[in-house]
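S.K.: What follows is protein00.cif; its format and atoms are mmCIF, C-alpha atoms.
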data_run
loop_
_atom_site.label_atom_id
_atom_site.label_comp_id
_atom_site.auth_asym_id
_atom_site.auth_seq_id
_atom_site.Cartn_x
_atom_site.Cartn_y
_atom_site.Cartn_z
CA MET F 1 100.32 -116.61 -99.74
CA THR F 2 97.00 -115.88 -101.46
CA ILE F 3 95.71 -112.32 -101.42
CA PRO F 4 92.04 -111.74 -102.29
CA THR F 5 91.54 -109.25 -105.11
CA PRO F 6 90.03 -106.87 -105.85
CA LEU F 7 90.35 -105.18 -102.48
CA THR F 8 87.39 -103.33 -101.03
CA GLU F 9 87.48 -99.56 -100.83
CA ASP F 10 87.83 -99.67 -97.05
CA ALA F 11 90.67 -102.20 -97.29
CA ILE F 12 92.49 -99.97 -99.78
CA HIS F 13 92.03 -96.95 -97.51
CA ASP F 14 93.39 -98.84 -94.50
CA LEU F 15 96.30 -100.16 -96.55
CA LEU F 16 97.32 -96.75 -97.89
CA ALA F 17 97.08 -95.30 -94.37
CA LYS F 18 99.99 -97.54 -93.37
CA ILE F 19 102.37 -95.87 -95.83
CA PRO F 20 102.83 -92.64 -93.81
CA GLN F 21 103.16 -94.82 -90.70
CA LEU F 22 105.99 -96.72 -92.40
CA ARG F 23 107.70 -93.46 -93.34
CA GLY F 24 107.29 -92.26 -89.76
CA GLU F 25 108.97 -95.34 -88.30
CA ILE F 26 111.90 -94.99 -90.70
CA ALA F 27 112.19 -91.27 -89.84
CA LYS F 28 112.72 -92.18 -86.18
CA VAL F 29 116.19 -93.39 -87.12
CA ILE F 30 117.05 -91.92 -90.52
CA VAL F 31 117.51 -88.15 -90.58
CA GLY F 32 116.76 -86.50 -93.93
CA GLN F 33 117.34 -88.56 -97.10
CA LYS F 34 113.64 -88.15 -97.97
CA ALA F 35 114.21 -88.69 -101.69
CA VAL F 36 116.24 -91.86 -101.11
CA ILE F 37 113.65 -93.23 -98.67
CA ASP F 38 110.86 -92.58 -101.16
CA GLU F 39 112.80 -94.29 -103.96
CA LEU F 40 113.54 -97.24 -101.68
CA LEU F 41 109.84 -97.58 -100.89
CA VAL F 42 109.04 -97.35 -104.60
CA ALA F 43 111.22 -100.40 -105.27
CA PHE F 44 109.71 -102.18 -102.26
CA ILE F 45 106.12 -101.58 -103.36
CA ALA F 46 106.88 -102.30 -107.01
CA GLY F 47 108.23 -105.71 -106.01
CA GLY F 48 111.73 -105.04 -107.36
CA HIS F 49 115.22 -105.03 -105.92
CA CYS F 50 117.40 -102.05 -105.11
CA LEU F 51 121.10 -101.18 -105.33
CA LEU F 52 122.36 -98.37 -103.08
CA GLU F 53 125.65 -96.63 -103.64
CA GLY F 54 127.22 -94.03 -101.39
CA LEU F 55 130.33 -93.14 -99.49
CA PRO F 56 131.03 -94.99 -96.24
CA GLY F 57 129.21 -93.73 -93.17
CA LEU F 58 126.13 -92.34 -94.94
CA GLY F 59 123.72 -94.85 -93.37
CA LYS F 60 123.07 -97.28 -96.23
CA THR F 61 123.04 -100.33 -93.99
CA LEU F 62 121.15 -98.51 -91.24
CA LEU F 63 118.44 -97.45 -93.70
CA ILE F 64 117.87 -101.01 -94.87
CA ARG F 65 117.93 -102.43 -91.36
CA THR F 66 115.38 -99.80 -90.24
CA LEU F 67 113.06 -100.70 -93.11
CA ALA F 68 113.28 -104.35 -92.08
CA GLN F 69 112.34 -103.42 -88.51
CA ALA F 70 109.34 -101.37 -89.69
CA VAL F 71 107.78 -104.33 -91.53
CA ASP F 72 107.08 -107.74 -90.04
CA LEU F 73 109.37 -109.68 -92.39
CA THR F 74 112.36 -111.92 -91.85
CA PHE F 75 115.62 -110.04 -92.34
CA HIS F 76 119.03 -111.53 -93.17
CA ARG F 77 122.28 -109.65 -93.70
CA ILE F 78 124.98 -111.15 -95.91
CA GLN F 79 128.38 -109.51 -95.62
CA PHE F 80 130.05 -109.96 -99.00
CA THR F 81 133.78 -110.62 -98.80
CA PRO F 82 136.38 -111.87 -101.32
CA ASP F 83 136.31 -115.38 -99.85
CA LEU F 84 132.50 -115.74 -99.79
CA MET F 85 131.27 -118.80 -101.70
CA PRO F 86 127.90 -119.38 -103.43
CA SER F 87 127.05 -122.07 -100.89
CA ASP F 88 127.48 -119.46 -98.14
CA ILE F 89 124.50 -117.66 -99.67
CA ILE F 90 122.28 -120.44 -100.99
CA GLY F 91 123.04 -123.18 -98.49
CA THR F 92 124.53 -126.64 -98.75
CA GLU F 93 123.77 -130.31 -98.23
CA VAL F 94 125.08 -132.03 -95.12
CA LEU F 95 125.14 -135.72 -94.33
CA GLU F 96 122.65 -136.60 -91.58
CA GLU F 97 121.91 -139.87 -89.83
CA ASP F 98 118.52 -141.15 -88.70
CA HIS F 99 119.13 -142.23 -85.11
CA VAL F 100 116.23 -144.70 -85.26
CA THR F 101 117.04 -146.58 -88.46
CA GLY F 102 120.72 -145.74 -88.71
CA LYS F 103 120.29 -144.71 -92.33
CA ARG F 104 122.24 -141.76 -93.66
CA PHE F 105 120.83 -139.13 -95.95
CA PHE F 106 121.65 -135.67 -97.28
CA GLN F 107 119.77 -132.76 -95.75
CA PHE F 108 119.71 -129.34 -97.41
CA ASN F 109 120.56 -126.61 -94.92
CA ARG F 110 119.15 -123.32 -96.16
CA GLY F 111 121.44 -120.32 -96.41
CA PRO F 112 120.72 -116.68 -95.57
CA ILE F 113 119.12 -116.08 -98.98
CA PHE F 114 116.03 -117.73 -97.48
CA GLY F 115 114.59 -114.56 -95.99
CA GLN F 116 112.23 -111.83 -97.10
CA ILE F 117 114.45 -108.76 -96.82
CA ILE F 118 118.04 -109.55 -97.78
CA LEU F 119 120.83 -107.04 -97.21
CA ALA F 120 123.70 -107.82 -99.58
CA ASP F 121 126.28 -105.61 -97.91
CA GLU F 122 129.21 -104.43 -100.06
CA ILE F 123 128.19 -106.71 -102.89
CA ASN F 124 131.09 -105.59 -105.10
CA ARG F 125 133.67 -107.02 -102.70
CA THR F 126 132.97 -110.62 -103.75
CA PRO F 127 133.89 -112.35 -107.07
CA PRO F 128 131.37 -112.64 -109.93
CA LYS F 129 130.84 -116.37 -109.27
CA THR F 130 129.39 -115.55 -105.86
CA GLN F 131 127.55 -112.47 -107.10
CA SER F 132 125.78 -114.66 -109.67
CA ALA F 133 124.38 -116.83 -106.87
CA LEU F 134 121.82 -114.06 -106.39
CA LEU F 135 120.66 -114.06 -110.02
CA GLU F 136 118.07 -116.84 -109.89
CA ALA F 137 116.77 -115.72 -106.51
CA MET F 138 116.32 -112.13 -107.69
CA SER F 139 114.71 -112.96 -111.02
CA GLU F 140 112.75 -116.13 -110.25
CA GLY F 141 112.09 -115.96 -106.52
CA SER F 142 113.55 -119.43 -106.10
CA VAL F 143 116.83 -121.25 -105.53
CA THR F 144 118.02 -124.45 -107.21
CA TYR F 145 120.51 -126.75 -105.50
CA GLY F 146 121.32 -130.33 -106.45
CA GLY F 147 118.53 -130.41 -109.03
CA GLN F 148 115.91 -129.40 -106.43
CA THR F 149 114.14 -126.03 -106.65
CA TYR F 150 113.21 -124.26 -103.43
CA ALA F 151 110.70 -121.40 -103.50
CA LEU F 152 111.52 -118.29 -101.50
CA ASP F 153 108.99 -116.68 -99.21
CA ARG F 154 107.12 -113.65 -100.51
CA PRO F 155 107.63 -110.80 -100.48
CA PHE F 156 111.29 -111.15 -101.40
CA PHE F 157 113.37 -107.99 -101.48
CA VAL F 158 117.12 -107.76 -102.09
CA LEU F 159 118.89 -104.52 -101.18
CA ALA F 160 122.54 -104.40 -102.09
CA THR F 161 125.06 -101.75 -101.08
CA GLN F 162 128.38 -100.78 -102.57
CA ASN F 163 130.93 -98.06 -101.83
CA PRO F 164 132.18 -96.15 -104.89
CA ILE F 165 135.65 -95.31 -103.50
CA GLU F 166 136.69 -98.86 -102.64
CA GLN F 167 138.34 -99.80 -105.92
CA SER F 168 141.08 -102.02 -104.52
CA GLY F 169 139.84 -105.57 -104.04
CA THR F 170 136.41 -104.95 -105.58
CA TYR F 171 134.62 -106.62 -108.49
CA PRO F 172 132.24 -104.45 -110.55
CA LEU F 173 128.83 -106.02 -110.96
CA PRO F 174 128.32 -107.49 -114.44
CA GLU F 175 125.56 -106.01 -116.60
CA ALA F 176 123.33 -109.08 -116.18
CA GLN F 177 123.44 -108.65 -112.42
CA LEU F 178 122.89 -104.89 -112.54
CA ASP F 179 119.86 -105.34 -114.76
CA ARG F 180 118.14 -107.38 -112.03
CA PHE F 181 117.92 -104.29 -109.83
CA LEU F 182 114.80 -102.23 -110.39
CA LEU F 183 116.43 -99.02 -109.09
CA TYR F 184 119.98 -97.82 -108.56
CA LEU F 185 120.07 -95.18 -105.83
CA ASN F 186 122.82 -92.73 -104.98
CA ILE F 187 123.09 -91.53 -101.37
CA GLY F 188 124.75 -88.16 -100.88
CA TYR F 189 125.95 -86.18 -97.90
CA PRO F 190 123.32 -84.68 -95.55
CA ASP F 191 122.98 -80.92 -95.27
CA ALA F 192 124.31 -79.03 -92.24
CA ASP F 193 121.10 -79.16 -90.17
CA GLU F 194 120.56 -82.86 -90.87
CA GLU F 195 124.14 -83.69 -89.96
CA LEU F 196 123.81 -81.75 -86.70
CA THR F 197 120.63 -83.69 -85.86
CA MET F 198 122.42 -86.95 -86.62
CA LEU F 199 125.20 -86.00 -84.21
CA ALA F 200 122.69 -85.29 -81.45
CA ASN F 201 120.69 -88.48 -82.08
CA THR F 202 123.56 -90.94 -82.34
CA THR F 203 125.97 -89.85 -79.60
CA GLY F 204 123.70 -90.28 -76.60
CA LEU F 205 122.18 -93.17 -74.70
CA HIS F 206 118.72 -93.00 -76.29
CA ARG F 207 118.02 -95.38 -79.17
CA PRO F 208 114.67 -94.96 -80.91
CA ARG F 209 112.45 -98.00 -81.06
CA VAL F 210 111.13 -98.94 -84.49
CA ASP F 211 107.80 -100.78 -84.43
CA PRO F 212 106.52 -102.94 -87.32
CA VAL F 213 103.55 -101.32 -89.02
CA MET F 214 103.12 -103.69 -91.98
CA THR F 215 102.81 -107.44 -92.36
CA ALA F 216 103.87 -109.62 -95.28
CA ALA F 217 100.23 -109.68 -96.44
CA ASP F 218 100.12 -105.86 -96.40
CA VAL F 219 103.23 -105.63 -98.55
CA ILE F 220 101.93 -108.15 -101.08
CA GLN F 221 98.60 -106.35 -101.22
CA LEU F 222 100.38 -103.09 -101.96
CA GLN F 223 102.44 -104.78 -104.68
CA VAL F 224 99.26 -106.15 -106.26
CA LEU F 225 97.53 -102.78 -105.94
CA SER F 226 100.43 -100.92 -107.55
CA ARG F 227 100.03 -103.04 -110.69
CA GLU F 228 96.45 -101.82 -110.96
CA VAL F 229 97.45 -98.13 -111.03
CA ALA F 230 96.43 -96.64 -114.38
CA ILE F 231 98.96 -95.37 -116.90
CA ASN F 232 97.92 -93.46 -119.99
CA GLU F 233 98.86 -94.95 -123.37
CA ASP F 234 100.63 -91.69 -124.25
CA LEU F 235 102.80 -92.07 -121.14
CA LEU F 236 103.63 -95.67 -122.04
CA ASP F 237 104.63 -94.45 -125.49
CA PHE F 238 106.77 -91.74 -123.86
CA ILE F 239 108.54 -94.34 -121.70
CA ASN F 240 109.14 -96.49 -124.76
CA ARG F 241 110.61 -93.57 -126.70
CA LEU F 242 112.83 -92.60 -123.77
CA VAL F 243 114.34 -96.07 -123.54
CA ARG F 244 114.73 -96.49 -127.28
CA ALA F 245 116.42 -93.09 -127.51
CA THR F 246 119.35 -94.48 -125.51
CA ARG F 247 120.00 -96.89 -128.42
CA ASP F 248 119.33 -94.49 -131.32
CA ARG F 249 122.70 -93.98 -133.05
CA SER F 250 121.24 -91.21 -135.20
CA LEU F 251 121.17 -88.99 -132.11
CA PRO F 252 124.51 -87.17 -131.67
CA TYR F 253 124.75 -87.53 -127.90
CA VAL F 254 124.10 -91.29 -128.13
CA GLU F 255 126.74 -91.81 -130.80
CA LYS F 256 129.21 -89.67 -128.86
CA TRP F 257 128.73 -90.91 -125.29
CA ILE F 258 126.81 -94.20 -125.09
CA ARG F 259 128.35 -97.59 -125.74
CA TRP F 260 125.29 -99.67 -124.83
CA GLY F 261 121.78 -98.31 -124.34
CA ALA F 262 119.04 -99.48 -122.01
CA GLY F 263 117.12 -102.64 -122.90
CA PRO F 264 113.40 -103.45 -122.77
CA ARG F 265 113.58 -104.23 -119.04
CA ALA F 266 114.31 -100.54 -118.44
CA GLY F 267 110.91 -99.61 -119.91
CA GLN F 268 109.16 -102.24 -117.82
CA SER F 269 110.95 -101.04 -114.71
CA LEU F 270 110.14 -97.39 -115.38
CA ALA F 271 106.45 -98.15 -115.86
CA LEU F 272 106.22 -100.35 -112.75
CA SER F 273 108.16 -97.97 -110.52
CA SER F 274 106.10 -95.00 -111.76
CA LYS F 275 102.96 -96.87 -110.75
CA ALA F 276 104.41 -97.54 -107.31
CA ARG F 277 105.40 -93.88 -106.90
CA ALA F 278 101.89 -92.78 -107.78
CA LEU F 279 100.42 -95.20 -105.24
CA LEU F 280 102.80 -94.00 -102.52
CA ALA F 281 101.51 -90.49 -103.19
CA GLY F 282 97.91 -91.68 -102.85
CA ARG F 283 97.21 -91.47 -106.59
CA PHE F 284 95.82 -94.17 -108.86
CA ALA F 285 97.21 -92.78 -112.10
CA VAL F 286 100.77 -92.18 -113.29
CA THR F 287 101.82 -88.64 -114.19
CA LEU F 288 104.72 -87.18 -116.17
CA ASP F 289 106.39 -86.18 -112.92
CA ASP F 290 106.53 -89.83 -111.84
CA ILE F 291 108.41 -90.73 -115.00
CA HIS F 292 110.79 -87.78 -114.79
CA ALA F 293 111.55 -88.50 -111.10
CA LEU F 294 112.41 -92.16 -111.72
CA ALA F 295 114.13 -92.03 -115.12
CA ALA F 296 117.60 -91.72 -113.57
CA PRO F 297 117.24 -94.39 -110.83
CA VAL F 298 115.84 -96.81 -113.41
CA MET F 299 118.32 -96.20 -116.24
CA ARG F 300 121.60 -95.08 -114.63
CA HIS F 301 122.77 -98.70 -114.25
CA ARG F 302 121.37 -99.83 -117.60
CA ILE F 303 123.32 -97.38 -119.78
CA LEU F 304 126.99 -98.09 -120.43
CA LEU F 305 129.03 -95.02 -121.36
CA ASN F 306 132.03 -95.21 -123.70
CA PHE F 307 135.62 -94.15 -123.14
CA GLU F 308 135.05 -90.71 -124.60
CA ALA F 309 132.35 -89.98 -122.02
CA GLU F 310 134.69 -91.13 -119.25
CA ALA F 311 137.50 -88.98 -120.63
CA GLU F 312 135.20 -85.95 -120.64
CA ARG F 313 133.93 -86.89 -117.18
CA ILE F 314 130.36 -87.20 -118.46
CA GLU F 315 128.15 -88.97 -115.93
CA THR F 316 125.21 -91.22 -116.77
CA ASP F 317 122.75 -88.90 -115.04
CA GLU F 318 123.82 -86.08 -117.38
CA VAL F 319 123.05 -88.27 -120.39
CA ILE F 320 119.64 -89.18 -118.96
CA ARG F 321 118.83 -85.50 -118.36
CA GLU F 322 119.76 -84.80 -121.98
CA ILE F 323 117.47 -87.61 -123.16
CA LEU F 324 114.59 -86.23 -121.08
CA ARG F 325 115.20 -82.80 -122.57
CA LEU F 326 115.30 -83.93 -126.19
CA VAL F 327 112.63 -86.65 -126.33
CA PRO F 328 109.27 -84.94 -127.00
CA GLU F 329 106.70 -85.28 -124.24
CA PRO F 330 103.12 -86.35 -125.03
CA THR F 331 101.20 -83.61 -126.77
CA SER F 332 97.84 -84.47 -125.19
CA PRO F 333 97.12 -82.72 -121.85
CA LEU F 334 98.24 -84.96 -119.00
CA PRO F 335 98.39 -84.33 -115.27
CA ARG F 336 101.84 -83.62 -113.80
#
What do you get writing this file as structure tokens?
M.R.:
Amino acid sequence: MTIPTPLTEDAIHDLLAKIPQLRGEIAKVIVGQKAVIDELLVAFIAGGHCLLEGLPGLGKTLLIRTLAQAVDLTFHRIQFTPDLMPSDIIGTEVLEEDHVTGKRFFQFNRGPIFGQIILADEINRTPPKTQSALLEAMSEGSVTYGGQTYALDRPFFVLATQNPIEQSGTYPLPEAQLDRFLLYLNIGYPDADEELTMLANTTGLHRPRVDPVMTAADVIQLQVLSREVAINEDLLDFINRLVRATRDRSLPYVEKWIRWGAGPRAGQSLALSSKARALLAGRFAVTLDDIHALAAPVMRHRILLNFEAEAERIETDEVIREILRLVPEPTSPLPR
């Protein structure tokens, strides 16, 4: 799909006006969780993929399904189970017969990965061999089977969920797979008022109707536009120093707690997601607040803690907060 660029000022205004409409449609179903919804939209607009973790019953699947309903994109749900095979995701060749000529031939039947919004539900309940079937699709936007490469429709957005308490019969995602996710989001419990509203909204006959407010072209235009958001060189340097600090063994907290630090893709992801966050707020320049808000979702799955950190019950988010506290911010005056 070809999108004309640059967009006119009126086209940009109309496009940005659809963002609050999208939030409004999601809010018809999802009560609270504003921060998680914003982070999910950041990944969506940045053109990345998202991993959501939370206890059962917190609405992870419902949130993703609602997003799919609010945009005019094809949606496929893949329920990951221990017996799921790669061909169940990608597809397989079947032997067909031409009824006119009588000749037989192999026809590739596309699997559920051929969609635009893919829900990989409980992704850590399937073995690594099947998990890796998503790697090429997530990184390249294509699938290869039998020596033939098939391009996936754009936009292509994978949202995976996993439950932290289900240790029995689960397979932790390998680092290579985790690194393909732009953001790693944690979903917590709602507060008392939100939970009361959820009870009222979900135990009656009424079911809110979610209407699509964006097309595939709108989403791609937003993804293109987010890349054009300005980011100051001092902020890029700050992002670079943040990421490199996770690998700096001269820093006591790194030597004590971190086994493996974040790689270069973490810096790329933090810059891209900060641009998307700025655009979602109606700004065309990244601020320090954008970087601070997204440092944890970007790096919490790209930093591997050591056994000492686990023994002391140190969490990755604590390490990231320490890095943000110790790494000097740009000295030049920048908007927050």
S.K.: Compile the contact shell of Asn240 in chain F as a ChimeraX atom specification: residues with an atom at most 10 Å away, counting only C-alpha atoms, same-chain residues fewer than 3 positions apart removed.
M.R.: /F:234-237,243-245,264,266-268,270-271
S.K.: Extract, using all atoms listed in the file, all DNA, RNA and protein residues at most 6 Å from range 150-156 of chain F, discarding same-chain residues fewer than 4 positions from it, and format them as an MDAnalysis selection string.
M.R.: chainID F and resid 116 141:143
S.K.: Within 8 Å of range 210-213 of chain F, counting only C-alpha atoms, which residues show up once you throw out same-chain ones fewer than 5 positions away? Write them as a PDB file with C-alpha atoms, in the coordinates of the input, please.
M.R.:
ATOM      1  CA  LYS F  18      99.990 -97.540 -93.370  1.00  0.00           C
ATOM      2  CA  GLN F  21     103.160 -94.820 -90.700  1.00  0.00           C
ATOM      3  CA  LEU F  22     105.990 -96.720 -92.400  1.00  0.00           C
ATOM      4  CA  GLU F  25     108.970 -95.340 -88.300  1.00  0.00           C
ATOM      5  CA  ILE F  26     111.900 -94.990 -90.700  1.00  0.00           C
ATOM      6  CA  LYS F  28     112.720 -92.180 -86.180  1.00  0.00           C
ATOM      7  CA  VAL F  29     116.190 -93.390 -87.120  1.00  0.00           C
ATOM      8  CA  THR F  66     115.380 -99.800 -90.240  1.00  0.00           C
ATOM      9  CA  GLN F  69     112.340-103.420 -88.510  1.00  0.00           C
ATOM     10  CA  ALA F  70     109.340-101.370 -89.690  1.00  0.00           C
ATOM     11  CA  VAL F  71     107.780-104.330 -91.530  1.00  0.00           C
ATOM     12  CA  ASP F  72     107.080-107.740 -90.040  1.00  0.00           C
TER      13      ASP F  72
END
S.K.: For Ser269 in chain F, which residue out of F:Asp10, F:Glu53, F:Asp98, F:Asp179 is the nearest one, using only C-alpha atoms?
M.R.: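 Selected residue with least distance to Ser269 in chain F: F:Asp179.
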S.K.: Each residue of range 163-243 of chain F with at least one atom at most 7 Å from range 283-307 of chain F should appear once, together with its nearest atom pair and the corresponding distance in Å (one decimal); atoms considered: all atoms listed in the file; ordering: chain, then increasing residue number; output as a tab-separated table.
M.R.:
residue	atom	partner	partner_atom	distance
F:Leu178	CA	F:His301	CA	6.4
F:Asp179	CA	F:Arg302	CA	6.4
F:Leu182	CA	F:Val298	CA	6.3
F:Leu183	CA	F:Val298	CA	4.9
F:Tyr184	CA	F:Pro297	CA	4.9
F:Leu185	CA	F:Pro297	CA	5.8
F:Val229	CA	F:Phe284	CA	4.8
F:Ala230	CA	F:Ala285	CA	4.6
F:Ile231	CA	F:Val286	CA	5.1
S.K.: Please write the residues from the selection above to a file, keeping C-alpha atoms, as a PDB file, in the frame of the given file.
M.R.:
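Ended up saving to again09.pdb:
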ATOM      1  CA  LEU F 178     122.890-104.890-112.540  1.00  0.00           C
ATOM      2  CA  ASP F 179     119.860-105.340-114.760  1.00  0.00           C
ATOM      3  CA  LEU F 182     114.800-102.230-110.390  1.00  0.00           C
ATOM      4  CA  LEU F 183     116.430 -99.020-109.090  1.00  0.00           C
ATOM      5  CA  TYR F 184     119.980 -97.820-108.560  1.00  0.00           C
ATOM      6  CA  LEU F 185     120.070 -95.180-105.830  1.00  0.00           C
ATOM      7  CA  VAL F 229      97.450 -98.130-111.030  1.00  0.00           C
ATOM      8  CA  ALA F 230      96.430 -96.640-114.380  1.00  0.00           C
ATOM      9  CA  ILE F 231      98.960 -95.370-116.900  1.00  0.00           C
TER      10      ILE F 231
END
S.K.: Which polymer residues have any atom within 10 Å of an atom of Tyr171 in chain F, counting all atoms listed in the file, with same-chain residues fewer than 6 positions away left out, as a compact mmCIF listing (two decimals) with C-alpha atoms, keeping the file's coordinate frame?
M.R.:
# COMPACT_ATOMS: atom_id res chain seq x y z
CA PRO F 82 136.38 -111.87 -101.32
CA ILE F 123 128.19 -106.71 -102.89
CA ASN F 124 131.09 -105.59 -105.10
CA ARG F 125 133.67 -107.02 -102.70
CA THR F 126 132.97 -110.62 -103.75
CA PRO F 127 133.89 -112.35 -107.07
CA PRO F 128 131.37 -112.64 -109.93
CA GLN F 131 127.55 -112.47 -107.10
S.K.: Determine, counting only C-alpha atoms, which protein, DNA and RNA residues have an atom within 8 Å of an atom of Ile90 in chain F; residues of the same chain fewer than 4 positions away are not included. Present the result as a CSV table (one decimal) with C-alpha atoms, keeping the file's coordinate frame.
M.R.:
chain,number,residue,atom,x,y,z
F,86,PRO,CA,127.9,-119.4,-103.4
F,110,ARG,CA,119.2,-123.3,-96.2
F,111,GLY,CA,121.4,-120.3,-96.4
F,112,PRO,CA,120.7,-116.7,-95.6
F,113,ILE,CA,119.1,-116.1,-99.0
F,114,PHE,CA,116.0,-117.7,-97.5
F,133,ALA,CA,124.4,-116.8,-106.9
F,143,VAL,CA,116.8,-121.2,-105.5
F,145,TYR,CA,120.5,-126.8,-105.5
S.K.: State, in Å with one decimal place, the distance from CA of Ser132 in chain F to CA of Phe80 in chain F.
M.R.: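 Atom-to-atom, CA of Ser132 in chain F and CA of Phe80 in chain F are spaced 12.4 Å apart.
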S.K.: Quick one: residues within 10 Å of (110.4, -90.7, -93.2) (file frame), counting all atoms listed in the file, please, as a list in words.
M.R.: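 Those residues lying close to the given coordinates are Ile19, Pro20, Gln21, Leu22, Arg23, Gly24, Glu25, Ile26, Ala27, Lys28, Val29, Ile30, Val31, Gly32, Gln33, Lys34, Ala35, Val36, Ile37 and Asp38 of chain F.
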S.K.: Model the absent atoms of range 103-123 of chain F so that N, CA and C atoms are present, and write the result as a PDB file, in the coordinates of the input.
M.R.:
ATOM      1  N   LYS F 103     120.043-145.054 -90.938  1.00  0.00           N
ATOM      2  CA  LYS F 103     120.290-144.710 -92.330  1.00  0.00           C
ATOM      3  C   LYS F 103     120.822-143.270 -92.431  1.00  0.00           C
ATOM      4  N   ARG F 104     121.686-143.086 -93.408  1.00  0.00           N
ATOM      5  CA  ARG F 104     122.240-141.760 -93.660  1.00  0.00           C
ATOM      6  C   ARG F 104     121.578-141.132 -94.881  1.00  0.00           C
ATOM      7  N   PHE F 105     121.465-139.850 -94.842  1.00  0.00           N
ATOM      8  CA  PHE F 105     120.830-139.130 -95.950  1.00  0.00           C
ATOM      9  C   PHE F 105     121.371-137.704 -95.970  1.00  0.00           C
ATOM     10  N   PHE F 106     121.215-137.062 -97.134  1.00  0.00           N
ATOM     11  CA  PHE F 106     121.650-135.670 -97.280  1.00  0.00           C
ATOM     12  C   PHE F 106     120.490-134.731 -96.977  1.00  0.00           C
ATOM     13  N   GLN F 107     120.760-133.753 -96.144  1.00  0.00           N
ATOM     14  CA  GLN F 107     119.770-132.760 -95.750  1.00  0.00           C
ATOM     15  C   GLN F 107     120.235-131.382 -96.226  1.00  0.00           C
ATOM     16  N   PHE F 108     119.344-130.678 -96.927  1.00  0.00           N
ATOM     17  CA  PHE F 108     119.710-129.340 -97.410  1.00  0.00           C
ATOM     18  C   PHE F 108     119.512-128.325 -96.290  1.00  0.00           C
ATOM     19  N   ASN F 109     120.610-127.679 -95.915  1.00  0.00           N
ATOM     20  CA  ASN F 109     120.560-126.610 -94.920  1.00  0.00           C
ATOM     21  C   ASN F 109     120.476-125.267 -95.635  1.00  0.00           C
ATOM     22  N   ARG F 110     119.387-124.567 -95.434  1.00  0.00           N
ATOM     23  CA  ARG F 110     119.150-123.320 -96.160  1.00  0.00           C
ATOM     24  C   ARG F 110     120.103-122.212 -95.708  1.00  0.00           C
ATOM     25  N   GLY F 111     120.552-121.438 -96.682  1.00  0.00           N
ATOM     26  CA  GLY F 111     121.440-120.320 -96.410  1.00  0.00           C
ATOM     27  C   GLY F 111     120.668-119.048 -96.132  1.00  0.00           C
ATOM     28  N   PRO F 112     121.377-117.938 -95.934  1.00  0.00           N
ATOM     29  CA  PRO F 112     120.720-116.680 -95.570  1.00  0.00           C
ATOM     30  C   PRO F 112     119.872-116.074 -96.678  1.00  0.00           C
ATOM     31  N   ILE F 113     119.978-116.590 -97.908  1.00  0.00           N
ATOM     32  CA  ILE F 113     119.120-116.080 -98.980  1.00  0.00           C
ATOM     33  C   ILE F 113     117.653-116.380 -98.699  1.00  0.00           C
ATOM     34  N   PHE F 114     117.400-117.358 -97.819  1.00  0.00           N
ATOM     35  CA  PHE F 114     116.030-117.730 -97.480  1.00  0.00           C
ATOM     36  C   PHE F 114     115.504-116.775 -96.405  1.00  0.00           C
ATOM     37  N   GLY F 115     115.206-115.588 -96.826  1.00  0.00           N
ATOM     38  CA  GLY F 115     114.590-114.560 -95.990  1.00  0.00           C
ATOM     39  C   GLY F 115     113.665-113.744 -96.860  1.00  0.00           C
ATOM     40  N   GLN F 116     113.138-112.684 -96.318  1.00  0.00           N
ATOM     41  CA  GLN F 116     112.230-111.830 -97.100  1.00  0.00           C
ATOM     42  C   GLN F 116     112.859-110.485 -97.430  1.00  0.00           C
ATOM     43  N   ILE F 117     113.641-109.935 -96.518  1.00  0.00           N
ATOM     44  CA  ILE F 117     114.450-108.760 -96.820  1.00  0.00           C
ATOM     45  C   ILE F 117     115.906-109.179 -96.662  1.00  0.00           C
ATOM     46  N   ILE F 118     116.654-109.106 -97.766  1.00  0.00           N
ATOM     47  CA  ILE F 118     118.040-109.550 -97.780  1.00  0.00           C
ATOM     48  C   ILE F 118     118.939-108.332 -97.995  1.00  0.00           C
ATOM     49  N   LEU F 119     119.837-108.087 -97.061  1.00  0.00           N
ATOM     50  CA  LEU F 119     120.830-107.040 -97.210  1.00  0.00           C
ATOM     51  C   LEU F 119     122.119-107.665 -97.737  1.00  0.00           C
ATOM     52  N   ALA F 120     122.447-107.371 -98.986  1.00  0.00           N
ATOM     53  CA  ALA F 120     123.700-107.820 -99.580  1.00  0.00           C
ATOM     54  C   ALA F 120     124.710-106.691 -99.403  1.00  0.00           C
ATOM     55  N   ASP F 121     125.427-106.723 -98.295  1.00  0.00           N
ATOM     56  CA  ASP F 121     126.280-105.610 -97.910  1.00  0.00           C
ATOM     57  C   ASP F 121     127.627-105.661 -98.637  1.00  0.00           C
ATOM     58  N   GLU F 122     127.971-104.543 -99.290  1.00  0.00           N
ATOM     59  CA  GLU F 122     129.210-104.430-100.060  1.00  0.00           C
ATOM     60  C   GLU F 122     129.312-105.540-101.093  1.00  0.00           C
ATOM     61  N   ILE F 123     128.312-105.611-101.939  1.00  0.00           N
ATOM     62  CA  ILE F 123     128.190-106.710-102.890  1.00  0.00           C
ATOM     63  C   ILE F 123     129.346-106.748-103.882  1.00  0.00           C
TER      64      ILE F 123
END
